[in-house]
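Chemist: Just dropping this structure here.
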Amino acid sequence: MNKARLRCEGVVLRYVDYADADRIVTVFTSKWGMIKGFARSARSSRKRFGPALEPFTQAVFYWQKGRGELWSLQEADLLSSRVGLRTDLDRLALASYAVELIEMLVGDSEDHERIYELLCSYLDFLHCGGDHATARLLFELRLVYLLGYIPHLLHCSECLKIFADESIRFDCRRGGCLCLDCAGGNDLVVGLGSVGTLARSLRVSHQQFDGFKFGPATIVDAGLILTQVLRQVLPREPNSLKFLSRLKARES
C-alpha cells in the first residue's frame, strides 16, 4: 500500500550531505513546524530538487512520512532562492542567526504559521538589502513576542505603575521594565522613548519590515533588552551570534 504524499511550503534551515548522493534536510514549515527529511539522490537529481535544498530557500515540498522522525522528501518546487543572502557576509550571518534561533526556540506547540511568515519576511527584507540593525531588532522582538517571552514594557513589572515622563530600569529576571522605586540597585537604564517605540512596533503586522527607522538610542536599548530576554530563554549562546560579534568587531 502506497503512503500518502503530503504537500507543504517551507524554508530550508540547513542540510547535511549523506553517503554519495543523499542529503538530510531540516525544513521549517508553516503547517507542521520543523521537519527533518531524507532526500535520496538529492545531489545528483537536478530534476526533483534543483537548487531548492540550499539554506534560506523557500519551496513547496512533497513528503512521505517515515516510521521515525525522518520523513522522506520526494521533490520540491522552488519559490525563492534568496541569492542576495549569499552575496554579502553580513546578510548571510544575520540569516544564519535567525535560522539558529528558530531551531533552538520553536517547539511543537508554537504558532508555526506566524513564525514562518516572520522568518520569510525577515529573509526577504535582508535579501533585498534592508537595514541590518532594523531587521535584527524587529525579528528578535517579534519572535520573543510570538513565543510568549515578551517582557513588560510600558508599566512596572512589579507594582504595575504606568510610566509617565520618568527614568526607568530593566531586569528580565523580574519581568521587564521597573520604576525607580521597585528597581532598587538595578543599574540597567533604558529610555522610556525606546520601550515605547518597541511596544508600538508590535502593533503592526509581524510581516512588515519596510518603513521602520529606529534612532541610535532605541537600537542600543533594544539590544540590551533583547539580549537579556534571549539569554534567559536560550539553552546556549548561538554559534551564529559569536560570528556576528566578530564581524561587528572587525567593522569597528
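Residues in the C-alpha cells are named by chain (A, B, ... in the order shown) and by number from 1 within that chain; ligands are numbered from 1 in the order shown.
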Applying 8 Å and only C-alpha atoms, which residues near Ser167 (chain A) remain after dropping the ones on its own chain fewer than 2 positions away? List them as a tab-separated table (two decimals) with N, CA and C atoms, in the first residue's frame.
Modeler:
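Here's the written file around_29.tsv:
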chain	number	residue	atom	x	y	z
A	165	ASP	N	6.64	60.52	32.31
A	165	ASP	CA	7.93	61.06	31.88
A	165	ASP	C	8.94	60.85	33.00
A	169	ARG	N	14.21	51.41	34.61
A	169	ARG	CA	15.24	50.37	34.56
A	169	ARG	C	14.65	49.11	33.92
A	179	CYS	N	10.01	50.65	37.65
A	179	CYS	CA	10.10	52.05	38.10
A	179	CYS	C	11.27	52.16	39.08
A	180	LEU	N	11.68	53.38	39.38
A	180	LEU	CA	12.84	53.57	40.25
A	180	LEU	C	12.58	53.06	41.67
A	189	VAL	N	19.83	51.05	32.75
A	189	VAL	CA	18.94	52.16	32.43
A	189	VAL	C	18.51	52.03	30.98
A	190	VAL	N	17.20	52.15	30.73
A	190	VAL	CA	16.68	52.19	29.36
A	190	VAL	C	15.76	53.39	29.23
A	191	GLY	N	15.68	53.92	28.02
A	191	GLY	CA	14.86	55.09	27.79
A	191	GLY	C	13.39	54.76	27.63
A	192	LEU	N	12.54	55.56	28.24
A	192	LEU	CA	11.11	55.37	28.10
A	192	LEU	C	10.68	55.50	26.64
Chemist: Counting only C-alpha atoms, what is within 9 Å of region 10-26 of chain A, bar same-chain residues fewer than 6 positions away, as an NGL selection string?
Modeler: :A and (33-45 or 52-61 or 70 or 73 or 96 or 99-100 or 102-103 or 116 or 119-120)
Chemist: With N, CA and C atoms retained, could you export that selection as a compact mmCIF listing (two decimals), in the first residue's frame?
Modeler:
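Contents of the output file out34.txt:
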# COMPACT_ATOMS: atom_id res chain seq x y z
N GLY A 33 5.67 22.92 11.39
CA GLY A 33 6.86 23.33 12.12
C GLY A 33 8.10 22.68 11.54
N MET A 34 8.99 22.19 12.40
CA MET A 34 10.27 21.65 11.96
C MET A 34 10.12 20.22 11.46
N ILE A 35 10.69 19.96 10.28
CA ILE A 35 10.70 18.62 9.72
C ILE A 35 12.12 18.30 9.26
N LYS A 36 12.57 17.10 9.57
CA LYS A 36 13.83 16.61 9.01
C LYS A 36 13.49 15.58 7.94
N GLY A 37 14.04 15.79 6.76
CA GLY A 37 13.71 14.91 5.64
C GLY A 37 14.94 14.28 5.01
N PHE A 38 14.77 13.06 4.54
CA PHE A 38 15.83 12.35 3.83
C PHE A 38 15.56 12.48 2.34
N ALA A 39 16.44 13.17 1.63
CA ALA A 39 16.28 13.39 0.19
C ALA A 39 17.23 12.47 -0.55
N ARG A 40 16.70 11.37 -1.04
CA ARG A 40 17.52 10.38 -1.72
C ARG A 40 18.00 10.92 -3.07
N SER A 41 19.28 10.77 -3.32
CA SER A 41 19.90 11.20 -4.59
C SER A 41 19.74 12.71 -4.83
N ALA A 42 19.67 13.48 -3.74
CA ALA A 42 19.43 14.92 -3.87
C ALA A 42 20.56 15.63 -4.61
N ARG A 43 21.78 15.16 -4.44
CA ARG A 43 22.92 15.83 -5.07
C ARG A 43 23.14 15.42 -6.51
N SER A 44 22.39 14.44 -6.98
CA SER A 44 22.55 14.00 -8.37
C SER A 44 21.28 14.18 -9.20
N SER A 45 20.14 14.47 -8.52
CA SER A 45 18.86 14.61 -9.22
C SER A 45 18.46 16.08 -9.30
N ALA A 52 16.62 23.84 -4.71
CA ALA A 52 15.63 24.09 -3.66
C ALA A 52 16.05 23.61 -2.28
N LEU A 53 17.19 22.94 -2.16
CA LEU A 53 17.60 22.42 -0.85
C LEU A 53 18.72 23.22 -0.22
N GLU A 54 19.01 24.40 -0.76
CA GLU A 54 20.02 25.27 -0.17
C GLU A 54 19.44 26.04 1.02
N PRO A 55 20.26 26.38 2.03
CA PRO A 55 19.76 27.13 3.18
C PRO A 55 19.09 28.44 2.77
N PHE A 56 18.01 28.79 3.46
CA PHE A 56 17.21 30.01 3.29
C PHE A 56 16.29 29.95 2.07
N THR A 57 16.36 28.87 1.30
CA THR A 57 15.50 28.72 0.14
C THR A 57 14.07 28.39 0.56
N GLN A 58 13.12 28.98 -0.11
CA GLN A 58 11.70 28.74 0.14
C GLN A 58 11.14 27.92 -1.02
N ALA A 59 10.39 26.88 -0.69
CA ALA A 59 9.88 25.99 -1.74
C ALA A 59 8.62 25.29 -1.25
N VAL A 60 7.92 24.66 -2.19
CA VAL A 60 6.85 23.73 -1.86
C VAL A 60 7.46 22.33 -1.86
N PHE A 61 7.34 21.64 -0.73
CA PHE A 61 7.96 20.33 -0.56
C PHE A 61 6.90 19.24 -0.55
N LEU A 70 12.45 11.03 10.80
CA LEU A 70 12.96 11.40 9.49
C LEU A 70 11.92 11.07 8.42
N LEU A 73 11.70 12.97 1.73
CA LEU A 73 11.45 14.12 0.86
C LEU A 73 11.49 13.66 -0.59
N SER A 96 21.66 33.36 9.10
CA SER A 96 22.04 32.17 9.87
C SER A 96 21.63 32.30 11.33
N VAL A 99 17.87 31.64 11.65
CA VAL A 99 17.62 30.21 11.49
C VAL A 99 17.98 29.45 12.77
N GLU A 100 19.11 29.82 13.38
CA GLU A 100 19.53 29.14 14.60
C GLU A 100 18.57 29.43 15.76
N ILE A 102 15.36 30.00 15.46
CA ILE A 102 14.18 29.19 15.17
C ILE A 102 14.41 27.75 15.63
N GLU A 103 15.55 27.20 15.29
CA GLU A 103 15.86 25.81 15.65
C GLU A 103 15.92 25.63 17.17
N TYR A 116 6.59 31.27 10.80
CA TYR A 116 7.05 31.01 9.43
C TYR A 116 6.95 32.29 8.59
N LEU A 119 9.74 34.67 9.63
CA LEU A 119 11.04 34.26 9.09
C LEU A 119 11.16 34.60 7.61
N CYS A 120 10.12 34.31 6.83
CA CYS A 120 10.15 34.60 5.40
C CYS A 120 10.28 36.09 5.13
Chemist: For Thr218 (chain A), list every protein, DNA or RNA residue within 9 Å, evaluated using only C-alpha atoms, and leave out those in the same chain fewer than 6 positions away; present the list as a compact mmCIF listing (two decimals) with N, CA, C and O atoms, in the first residue's frame.
Modeler:
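Output file out-v7.txt follows:
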# COMPACT_ATOMS: atom_id res chain seq x y z
N VAL A 190 17.20 52.15 30.73
CA VAL A 190 16.68 52.19 29.36
C VAL A 190 15.76 53.39 29.23
O VAL A 190 15.13 53.83 30.19
N GLY A 191 15.68 53.92 28.02
CA GLY A 191 14.86 55.09 27.79
C GLY A 191 13.39 54.76 27.63
O GLY A 191 13.03 53.78 26.97
N GLY A 193 11.33 56.42 25.91
CA GLY A 193 11.03 56.57 24.49
C GLY A 193 11.36 55.31 23.71
O GLY A 193 10.63 54.92 22.79
N SER A 194 12.44 54.64 24.09
CA SER A 194 12.84 53.40 23.40
C SER A 194 11.83 52.29 23.61
O SER A 194 11.41 51.62 22.67
N VAL A 195 11.42 52.07 24.87
CA VAL A 195 10.48 50.98 25.13
C VAL A 195 9.11 51.30 24.53
O VAL A 195 8.39 50.40 24.11
N THR A 197 8.70 52.89 21.70
CA THR A 197 8.86 52.57 20.28
C THR A 197 8.76 51.07 20.04
O THR A 197 8.13 50.62 19.08
N LEU A 198 9.37 50.29 20.92
CA LEU A 198 9.30 48.83 20.78
C LEU A 198 7.85 48.35 20.92
O LEU A 198 7.39 47.50 20.16
Chemist: What does the distance from CA of Phe209 (chain A) to CA of Cys128 (chain A) come to in Å, to one decimal?
Modeler: 11.3 Å
Chemist: I want to know what sits within 8 Å of Pro151 (chain A), based on only C-alpha atoms, with residues of the same chain fewer than 6 positions away left out; could you give that as a PyMOL selection string?
Modeler: chain A and resi 172+175-177+229
Chemist: Please report, as a VMD selection string, each residue of region 66-237 of chain A to which DSSP assigns helix (DSSP H, G or I) when run on this structure's backbone.
Modeler: chain A and resid 83 to 86 89 to 105 112 to 127 132 to 146 172 to 174 180 to 183 192 to 201 216 to 233
Chemist: Keeping only C-alpha atoms, write the selected residues as a PDB file, in the first residue's frame.
Modeler:
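Below is the file result21.pdb, written as the result:
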ATOM      1  CA  VAL A  83      20.578  34.531  -3.612  1.00  0.00           C
ATOM      2  CA  GLY A  84      21.136  38.023  -2.174  1.00  0.00           C
ATOM      3  CA  LEU A  85      21.780  36.444   1.226  1.00  0.00           C
ATOM      4  CA  ARG A  86      24.830  34.618  -0.159  1.00  0.00           C
ATOM      5  CA  LEU A  89      28.752  38.189   4.579  1.00  0.00           C
ATOM      6  CA  ASP A  90      26.734  40.328   7.000  1.00  0.00           C
ATOM      7  CA  ARG A  91      23.408  39.298   5.437  1.00  0.00           C
ATOM      8  CA  LEU A  92      24.491  35.665   5.493  1.00  0.00           C
ATOM      9  CA  ALA A  93      25.420  35.919   9.182  1.00  0.00           C
ATOM     10  CA  LEU A  94      22.092  37.571  10.098  1.00  0.00           C
ATOM     11  CA  ALA A  95      20.118  34.980   8.139  1.00  0.00           C
ATOM     12  CA  SER A  96      22.039  32.167   9.870  1.00  0.00           C
ATOM     13  CA  TYR A  97      21.348  33.767  13.254  1.00  0.00           C
ATOM     14  CA  ALA A  98      17.589  33.815  12.643  1.00  0.00           C
ATOM     15  CA  VAL A  99      17.621  30.207  11.490  1.00  0.00           C
ATOM     16  CA  GLU A 100      19.528  29.139  14.605  1.00  0.00           C
ATOM     17  CA  LEU A 101      17.077  30.983  16.880  1.00  0.00           C
ATOM     18  CA  ILE A 102      14.180  29.185  15.174  1.00  0.00           C
ATOM     19  CA  GLU A 103      15.864  25.812  15.654  1.00  0.00           C
ATOM     20  CA  MET A 104      16.661  26.485  19.316  1.00  0.00           C
ATOM     21  CA  LEU A 105      13.402  28.116  20.449  1.00  0.00           C
ATOM     22  CA  HIS A 112       4.114  27.870  13.330  1.00  0.00           C
ATOM     23  CA  GLU A 113       2.244  29.810  10.668  1.00  0.00           C
ATOM     24  CA  ARG A 114       3.007  33.283  12.030  1.00  0.00           C
ATOM     25  CA  ILE A 115       6.593  32.373  12.954  1.00  0.00           C
ATOM     26  CA  TYR A 116       7.053  31.015   9.431  1.00  0.00           C
ATOM     27  CA  GLU A 117       5.669  34.253   7.969  1.00  0.00           C
ATOM     28  CA  LEU A 118       8.009  36.258  10.207  1.00  0.00           C
ATOM     29  CA  LEU A 119      11.037  34.255   9.095  1.00  0.00           C
ATOM     30  CA  CYS A 120      10.154  34.596   5.395  1.00  0.00           C
ATOM     31  CA  SER A 121       9.583  38.356   5.675  1.00  0.00           C
ATOM     32  CA  TYR A 122      12.860  38.821   7.552  1.00  0.00           C
ATOM     33  CA  LEU A 123      14.851  36.825   4.987  1.00  0.00           C
ATOM     34  CA  ASP A 124      13.187  38.683   2.113  1.00  0.00           C
ATOM     35  CA  PHE A 125      13.987  42.048   3.722  1.00  0.00           C
ATOM     36  CA  LEU A 126      17.664  41.123   4.096  1.00  0.00           C
ATOM     37  CA  HIS A 127      17.789  39.628   0.598  1.00  0.00           C
ATOM     38  CA  HIS A 132      20.611  45.166   9.128  1.00  0.00           C
ATOM     39  CA  ALA A 133      20.005  46.723  12.561  1.00  0.00           C
ATOM     40  CA  THR A 134      16.303  47.202  11.820  1.00  0.00           C
ATOM     41  CA  ALA A 135      15.951  43.641  10.559  1.00  0.00           C
ATOM     42  CA  ARG A 136      17.582  42.096  13.618  1.00  0.00           C
ATOM     43  CA  LEU A 137      15.698  44.259  16.121  1.00  0.00           C
ATOM     44  CA  LEU A 138      12.286  43.508  14.587  1.00  0.00           C
ATOM     45  CA  PHE A 139      12.972  39.797  14.159  1.00  0.00           C
ATOM     46  CA  GLU A 140      14.164  39.270  17.739  1.00  0.00           C
ATOM     47  CA  LEU A 141      11.365  41.397  19.207  1.00  0.00           C
ATOM     48  CA  ARG A 142       8.614  39.699  17.218  1.00  0.00           C
ATOM     49  CA  LEU A 143       9.971  36.214  17.788  1.00  0.00           C
ATOM     50  CA  VAL A 144      10.033  36.580  21.582  1.00  0.00           C
ATOM     51  CA  TYR A 145       6.545  38.111  21.375  1.00  0.00           C
ATOM     52  CA  LEU A 146       5.127  35.229  19.299  1.00  0.00           C
ATOM     53  CA  CYS A 172      14.310  40.435  32.545  1.00  0.00           C
ATOM     54  CA  ARG A 173      14.516  38.151  35.609  1.00  0.00           C
ATOM     55  CA  ARG A 174      11.968  40.399  37.328  1.00  0.00           C
ATOM     56  CA  LEU A 180      12.839  53.566  40.254  1.00  0.00           C
ATOM     57  CA  ASP A 181      11.029  52.687  43.491  1.00  0.00           C
ATOM     58  CA  CYS A 182      10.956  48.974  42.593  1.00  0.00           C
ATOM     59  CA  ALA A 183      14.307  48.810  40.788  1.00  0.00           C
ATOM     60  CA  LEU A 192      11.105  55.366  28.102  1.00  0.00           C
ATOM     61  CA  GLY A 193      11.035  56.571  24.495  1.00  0.00           C
ATOM     62  CA  SER A 194      12.839  53.401  23.397  1.00  0.00           C
ATOM     63  CA  VAL A 195      10.480  50.977  25.129  1.00  0.00           C
ATOM     64  CA  GLY A 196       7.523  52.968  23.817  1.00  0.00           C
ATOM     65  CA  THR A 197       8.862  52.573  20.281  1.00  0.00           C
ATOM     66  CA  LEU A 198       9.295  48.834  20.783  1.00  0.00           C
ATOM     67  CA  ALA A 199       5.749  48.474  22.098  1.00  0.00           C
ATOM     68  CA  ARG A 200       4.318  50.446  19.166  1.00  0.00           C
ATOM     69  CA  SER A 201       6.241  48.354  16.644  1.00  0.00           C
ATOM     70  CA  PRO A 216      20.526  55.114  17.704  1.00  0.00           C
ATOM     71  CA  ALA A 217      19.250  55.213  21.314  1.00  0.00           C
ATOM     72  CA  THR A 218      16.409  52.805  20.509  1.00  0.00           C
ATOM     73  CA  ILE A 219      18.798  50.422  18.726  1.00  0.00           C
ATOM     74  CA  VAL A 220      21.092  50.383  21.773  1.00  0.00           C
ATOM     75  CA  ASP A 221      18.290  49.990  24.340  1.00  0.00           C
ATOM     76  CA  ALA A 222      16.567  47.297  22.274  1.00  0.00           C
ATOM     77  CA  GLY A 223      19.850  45.405  22.072  1.00  0.00           C
ATOM     78  CA  LEU A 224      20.236  45.481  25.872  1.00  0.00           C
ATOM     79  CA  ILE A 225      16.640  44.383  26.451  1.00  0.00           C
ATOM     80  CA  LEU A 226      16.518  41.622  23.844  1.00  0.00           C
ATOM     81  CA  THR A 227      19.944  40.281  24.789  1.00  0.00           C
ATOM     82  CA  GLN A 228      18.710  39.792  28.367  1.00  0.00           C
ATOM     83  CA  VAL A 229      15.498  38.103  27.209  1.00  0.00           C
ATOM     84  CA  LEU A 230      17.247  35.735  24.808  1.00  0.00           C
ATOM     85  CA  ARG A 231      19.947  34.814  27.317  1.00  0.00           C
ATOM     86  CA  GLN A 232      17.233  33.774  29.726  1.00  0.00           C
ATOM     87  CA  VAL A 233      15.359  31.526  27.292  1.00  0.00           C
TER      88      VAL A 233
END
Chemist: So which bits of region 16-231 of chain A end up strand (DSSP E or B) when you DSSP the backbone, as an mmCIF file with N, CA, C and O atoms, in the first residue's frame?
Modeler:
data_model
loop_
_atom_site.group_PDB
_atom_site.id
_atom_site.type_symbol
_atom_site.label_atom_id
_atom_site.label_comp_id
_atom_site.auth_asym_id
_atom_site.auth_seq_id
_atom_site.Cartn_x
_atom_site.Cartn_y
_atom_site.Cartn_z
ATOM 1 N N VAL A 16 22.656 18.307 5.700
ATOM 2 C CA VAL A 16 23.868 17.508 5.910
ATOM 3 C C VAL A 16 23.945 16.511 4.767
ATOM 4 O O VAL A 16 22.976 15.763 4.524
ATOM 5 N N ASP A 17 25.050 16.500 4.048
ATOM 6 C CA ASP A 17 25.223 15.512 2.986
ATOM 7 C C ASP A 17 25.415 14.132 3.595
ATOM 8 O O ASP A 17 26.077 13.974 4.634
ATOM 9 N N TYR A 18 24.825 13.127 2.932
ATOM 10 C CA TYR A 18 24.855 11.767 3.468
ATOM 11 C C TYR A 18 25.221 10.805 2.335
ATOM 12 O O TYR A 18 24.669 10.889 1.228
ATOM 13 N N ASP A 22 23.032 11.435 -1.240
ATOM 14 C CA ASP A 22 21.826 11.778 -0.476
ATOM 15 C C ASP A 22 22.056 13.020 0.383
ATOM 16 O O ASP A 22 23.169 13.512 0.528
ATOM 17 N N ARG A 23 20.957 13.511 0.950
ATOM 18 C CA ARG A 23 21.044 14.709 1.780
ATOM 19 C C ARG A 23 19.953 14.655 2.851
ATOM 20 O O ARG A 23 18.818 14.272 2.558
ATOM 21 N N ILE A 24 20.295 15.018 4.078
ATOM 22 C CA ILE A 24 19.321 15.160 5.159
ATOM 23 C C ILE A 24 19.066 16.653 5.342
ATOM 24 O O ILE A 24 19.997 17.416 5.601
ATOM 25 N N VAL A 25 17.810 17.048 5.190
ATOM 26 C CA VAL A 25 17.451 18.467 5.138
ATOM 27 C C VAL A 25 16.530 18.811 6.300
ATOM 28 O O VAL A 25 15.578 18.073 6.590
ATOM 29 N N THR A 26 16.813 19.919 6.980
ATOM 30 C CA THR A 26 15.925 20.446 8.019
ATOM 31 C C THR A 26 15.127 21.598 7.427
ATOM 32 O O THR A 26 15.704 22.567 6.948
ATOM 33 N N VAL A 27 13.812 21.466 7.452
ATOM 34 C CA VAL A 27 12.913 22.447 6.845
ATOM 35 C C VAL A 27 11.945 22.957 7.908
ATOM 36 O O VAL A 27 11.391 22.170 8.689
ATOM 37 N N PHE A 28 11.745 24.281 7.942
ATOM 38 C CA PHE A 28 10.720 24.846 8.815
ATOM 39 C C PHE A 28 9.496 25.145 7.966
ATOM 40 O O PHE A 28 9.572 25.883 6.984
ATOM 41 N N THR A 29 8.364 24.547 8.330
ATOM 42 C CA THR A 29 7.152 24.655 7.528
ATOM 43 C C THR A 29 6.078 25.452 8.262
ATOM 44 O O THR A 29 6.070 25.528 9.490
ATOM 45 N N GLY A 33 5.667 22.918 11.395
ATOM 46 C CA GLY A 33 6.859 23.327 12.117
ATOM 47 C C GLY A 33 8.104 22.683 11.537
ATOM 48 O O GLY A 33 8.268 22.593 10.318
ATOM 49 N N MET A 34 8.994 22.194 12.396
ATOM 50 C CA MET A 34 10.272 21.647 11.962
ATOM 51 C C MET A 34 10.119 20.217 11.457
ATOM 52 O O MET A 34 9.522 19.366 12.119
ATOM 53 N N ILE A 35 10.686 19.957 10.283
ATOM 54 C CA ILE A 35 10.696 18.616 9.720
ATOM 55 C C ILE A 35 12.116 18.298 9.261
ATOM 56 O O ILE A 35 12.766 19.130 8.620
ATOM 57 N N LYS A 36 12.573 17.099 9.565
ATOM 58 C CA LYS A 36 13.826 16.607 9.008
ATOM 59 C C LYS A 36 13.490 15.583 7.937
ATOM 60 O O LYS A 36 12.729 14.641 8.184
ATOM 61 N N GLY A 37 14.041 15.785 6.756
ATOM 62 C CA GLY A 37 13.712 14.911 5.639
ATOM 63 C C GLY A 37 14.935 14.281 5.008
ATOM 64 O O GLY A 37 16.006 14.905 4.927
ATOM 65 N N PHE A 38 14.770 13.062 4.544
ATOM 66 C CA PHE A 38 15.827 12.347 3.830
ATOM 67 C C PHE A 38 15.557 12.484 2.341
ATOM 68 O O PHE A 38 14.534 12.004 1.842
ATOM 69 N N ALA A 39 16.440 13.169 1.635
ATOM 70 C CA ALA A 39 16.278 13.395 0.192
ATOM 71 C C ALA A 39 17.231 12.471 -0.551
ATOM 72 O O ALA A 39 18.430 12.752 -0.671
ATOM 73 N N GLN A 58 13.116 28.981 -0.110
ATOM 74 C CA GLN A 58 11.701 28.735 0.142
ATOM 75 C C GLN A 58 11.144 27.924 -1.016
ATOM 76 O O GLN A 58 11.389 28.231 -2.186
ATOM 77 N N ALA A 59 10.386 26.882 -0.692
ATOM 78 C CA ALA A 59 9.876 25.994 -1.736
ATOM 79 C C ALA A 59 8.615 25.288 -1.254
ATOM 80 O O ALA A 59 8.280 25.315 -0.064
ATOM 81 N N VAL A 60 7.925 24.662 -2.186
ATOM 82 C CA VAL A 60 6.848 23.731 -1.855
ATOM 83 C C VAL A 60 7.460 22.334 -1.861
ATOM 84 O O VAL A 60 8.059 21.909 -2.852
ATOM 85 N N PHE A 61 7.340 21.640 -0.735
ATOM 86 C CA PHE A 61 7.963 20.334 -0.556
ATOM 87 C C PHE A 61 6.902 19.237 -0.549
ATOM 88 O O PHE A 61 5.796 19.425 -0.039
ATOM 89 N N TYR A 62 7.292 18.088 -1.085
ATOM 90 C CA TYR A 62 6.402 16.924 -1.147
ATOM 91 C C TYR A 62 7.053 15.795 -0.361
ATOM 92 O O TYR A 62 8.201 15.421 -0.625
ATOM 93 N N TRP A 63 6.308 15.267 0.622
ATOM 94 C CA TRP A 63 6.861 14.331 1.591
ATOM 95 C C TRP A 63 6.048 13.035 1.659
ATOM 96 O O TRP A 63 4.871 13.007 1.332
ATOM 97 N N GLN A 64 6.724 12.027 2.196
ATOM 98 C CA GLN A 64 6.042 10.852 2.735
ATOM 99 C C GLN A 64 6.554 10.662 4.154
ATOM 100 O O GLN A 64 7.761 10.749 4.396
ATOM 101 N N LEU A 70 12.452 11.031 10.803
ATOM 102 C CA LEU A 70 12.964 11.397 9.491
ATOM 103 C C LEU A 70 11.922 11.074 8.419
ATOM 104 O O LEU A 70 11.575 9.916 8.204
ATOM 105 N N TRP A 71 11.427 12.126 7.750
ATOM 106 C CA TRP A 71 10.468 11.946 6.660
ATOM 107 C C TRP A 71 11.227 11.741 5.354
ATOM 108 O O TRP A 71 12.406 12.068 5.233
ATOM 109 N N SER A 72 10.529 11.208 4.368
ATOM 110 C CA SER A 72 11.109 11.022 3.045
ATOM 111 C C SER A 72 10.713 12.205 2.166
ATOM 112 O O SER A 72 9.533 12.434 1.898
ATOM 113 N N LEU A 73 11.702 12.973 1.726
ATOM 114 C CA LEU A 73 11.452 14.124 0.861
ATOM 115 C C LEU A 73 11.486 13.657 -0.588
ATOM 116 O O LEU A 73 12.516 13.188 -1.083
ATOM 117 N N GLN A 74 10.355 13.801 -1.274
ATOM 118 C CA GLN A 74 10.206 13.275 -2.622
ATOM 119 C C GLN A 74 10.667 14.249 -3.708
ATOM 120 O O GLN A 74 11.370 13.868 -4.635
ATOM 121 N N GLU A 75 10.235 15.502 -3.596
ATOM 122 C CA GLU A 75 10.636 16.520 -4.569
ATOM 123 C C GLU A 75 10.307 17.893 -4.004
ATOM 124 O O GLU A 75 9.676 18.014 -2.942
ATOM 125 N N ALA A 76 10.725 18.951 -4.720
ATOM 126 C CA ALA A 76 10.483 20.314 -4.254
ATOM 127 C C ALA A 76 10.325 21.244 -5.450
ATOM 128 O O ALA A 76 11.028 21.111 -6.449
ATOM 129 N N ASP A 77 9.392 22.188 -5.319
ATOM 130 C CA ASP A 77 9.185 23.226 -6.333
ATOM 131 C C ASP A 77 9.667 24.555 -5.759
ATOM 132 O O ASP A 77 9.102 25.068 -4.784
ATOM 133 N N LEU A 78 10.702 25.112 -6.359
ATOM 134 C CA LEU A 78 11.333 26.329 -5.854
ATOM 135 C C LEU A 78 10.391 27.522 -5.924
ATOM 136 O O LEU A 78 9.724 27.759 -6.929
ATOM 137 N N LEU A 79 10.337 28.296 -4.812
ATOM 138 C CA LEU A 79 9.592 29.555 -4.774
ATOM 139 C C LEU A 79 10.538 30.749 -4.754
ATOM 140 O O LEU A 79 10.328 31.731 -5.442
ATOM 141 N N SER A 80 11.582 30.691 -3.930
ATOM 142 C CA SER A 80 12.551 31.780 -3.834
ATOM 143 C C SER A 80 13.880 31.224 -3.337
ATOM 144 O O SER A 80 13.929 30.538 -2.314
ATOM 145 N N HIS A 152 7.435 43.001 30.199
ATOM 146 C CA HIS A 152 6.624 44.202 30.398
ATOM 147 C C HIS A 152 7.430 45.408 29.921
ATOM 148 O O HIS A 152 8.596 45.563 30.278
ATOM 149 N N HIS A 155 4.778 49.479 31.595
ATOM 150 C CA HIS A 155 4.462 49.660 33.017
ATOM 151 C C HIS A 155 5.429 48.835 33.852
ATOM 152 O O HIS A 155 6.086 47.918 33.345
ATOM 153 N N ILE A 162 1.976 52.637 35.515
ATOM 154 C CA ILE A 162 2.146 53.027 34.121
ATOM 155 C C ILE A 162 3.142 54.188 34.079
ATOM 156 O O ILE A 162 2.994 55.180 34.796
ATOM 157 N N ILE A 168 13.561 54.909 33.884
ATOM 158 C CA ILE A 168 13.168 53.522 34.191
ATOM 159 C C ILE A 168 14.367 52.588 34.070
ATOM 160 O O ILE A 168 15.394 52.941 33.491
ATOM 161 N N ARG A 169 14.212 51.412 34.610
ATOM 162 C CA ARG A 169 15.236 50.373 34.565
ATOM 163 C C ARG A 169 14.651 49.113 33.924
ATOM 164 O O ARG A 169 13.447 49.008 33.729
ATOM 165 N N PHE A 170 15.540 48.148 33.629
ATOM 166 C CA PHE A 170 15.073 46.900 33.026
ATOM 167 C C PHE A 170 15.786 45.719 33.655
ATOM 168 O O PHE A 170 17.011 45.734 33.828
ATOM 169 N N ASP A 171 15.003 44.685 34.003
ATOM 170 C CA ASP A 171 15.558 43.439 34.518
ATOM 171 C C ASP A 171 14.650 42.301 34.061
ATOM 172 O O ASP A 171 13.536 42.145 34.568
ATOM 173 N N GLY A 176 10.705 42.550 33.419
ATOM 174 C CA GLY A 176 10.823 43.585 32.410
ATOM 175 C C GLY A 176 11.185 44.930 32.993
ATOM 176 O O GLY A 176 12.066 45.046 33.852
ATOM 177 N N CYS A 177 10.496 45.977 32.535
ATOM 178 C CA CYS A 177 10.796 47.337 32.976
ATOM 179 C C CYS A 177 10.354 47.554 34.426
ATOM 180 O O CYS A 177 9.349 46.985 34.875
ATOM 181 N N LEU A 178 11.111 48.410 35.118
ATOM 182 C CA LEU A 178 10.856 48.684 36.535
ATOM 183 C C LEU A 178 10.890 50.189 36.787
ATOM 184 O O LEU A 178 11.708 50.902 36.202
ATOM 185 N N VAL A 189 19.830 51.046 32.751
ATOM 186 C CA VAL A 189 18.942 52.155 32.431
ATOM 187 C C VAL A 189 18.512 52.034 30.977
ATOM 188 O O VAL A 189 19.335 51.835 30.082
ATOM 189 N N VAL A 190 17.196 52.150 30.733
ATOM 190 C CA VAL A 190 16.680 52.186 29.364
ATOM 191 C C VAL A 190 15.759 53.395 29.229
ATOM 192 O O VAL A 190 15.135 53.829 30.193
#
Chemist: Could you state the separation of CA of Gly148 (chain A) and CA of Val106 (chain A) in Å, given to one decimal place?
Modeler: 11.1 Å
Chemist: With only C-alpha atoms as the atoms that count, which of A:Asp111, A:Leu241, A:Ser81, A:Asp88 lies nearest to Trp32 (chain A)?
Modeler: A:Asp111
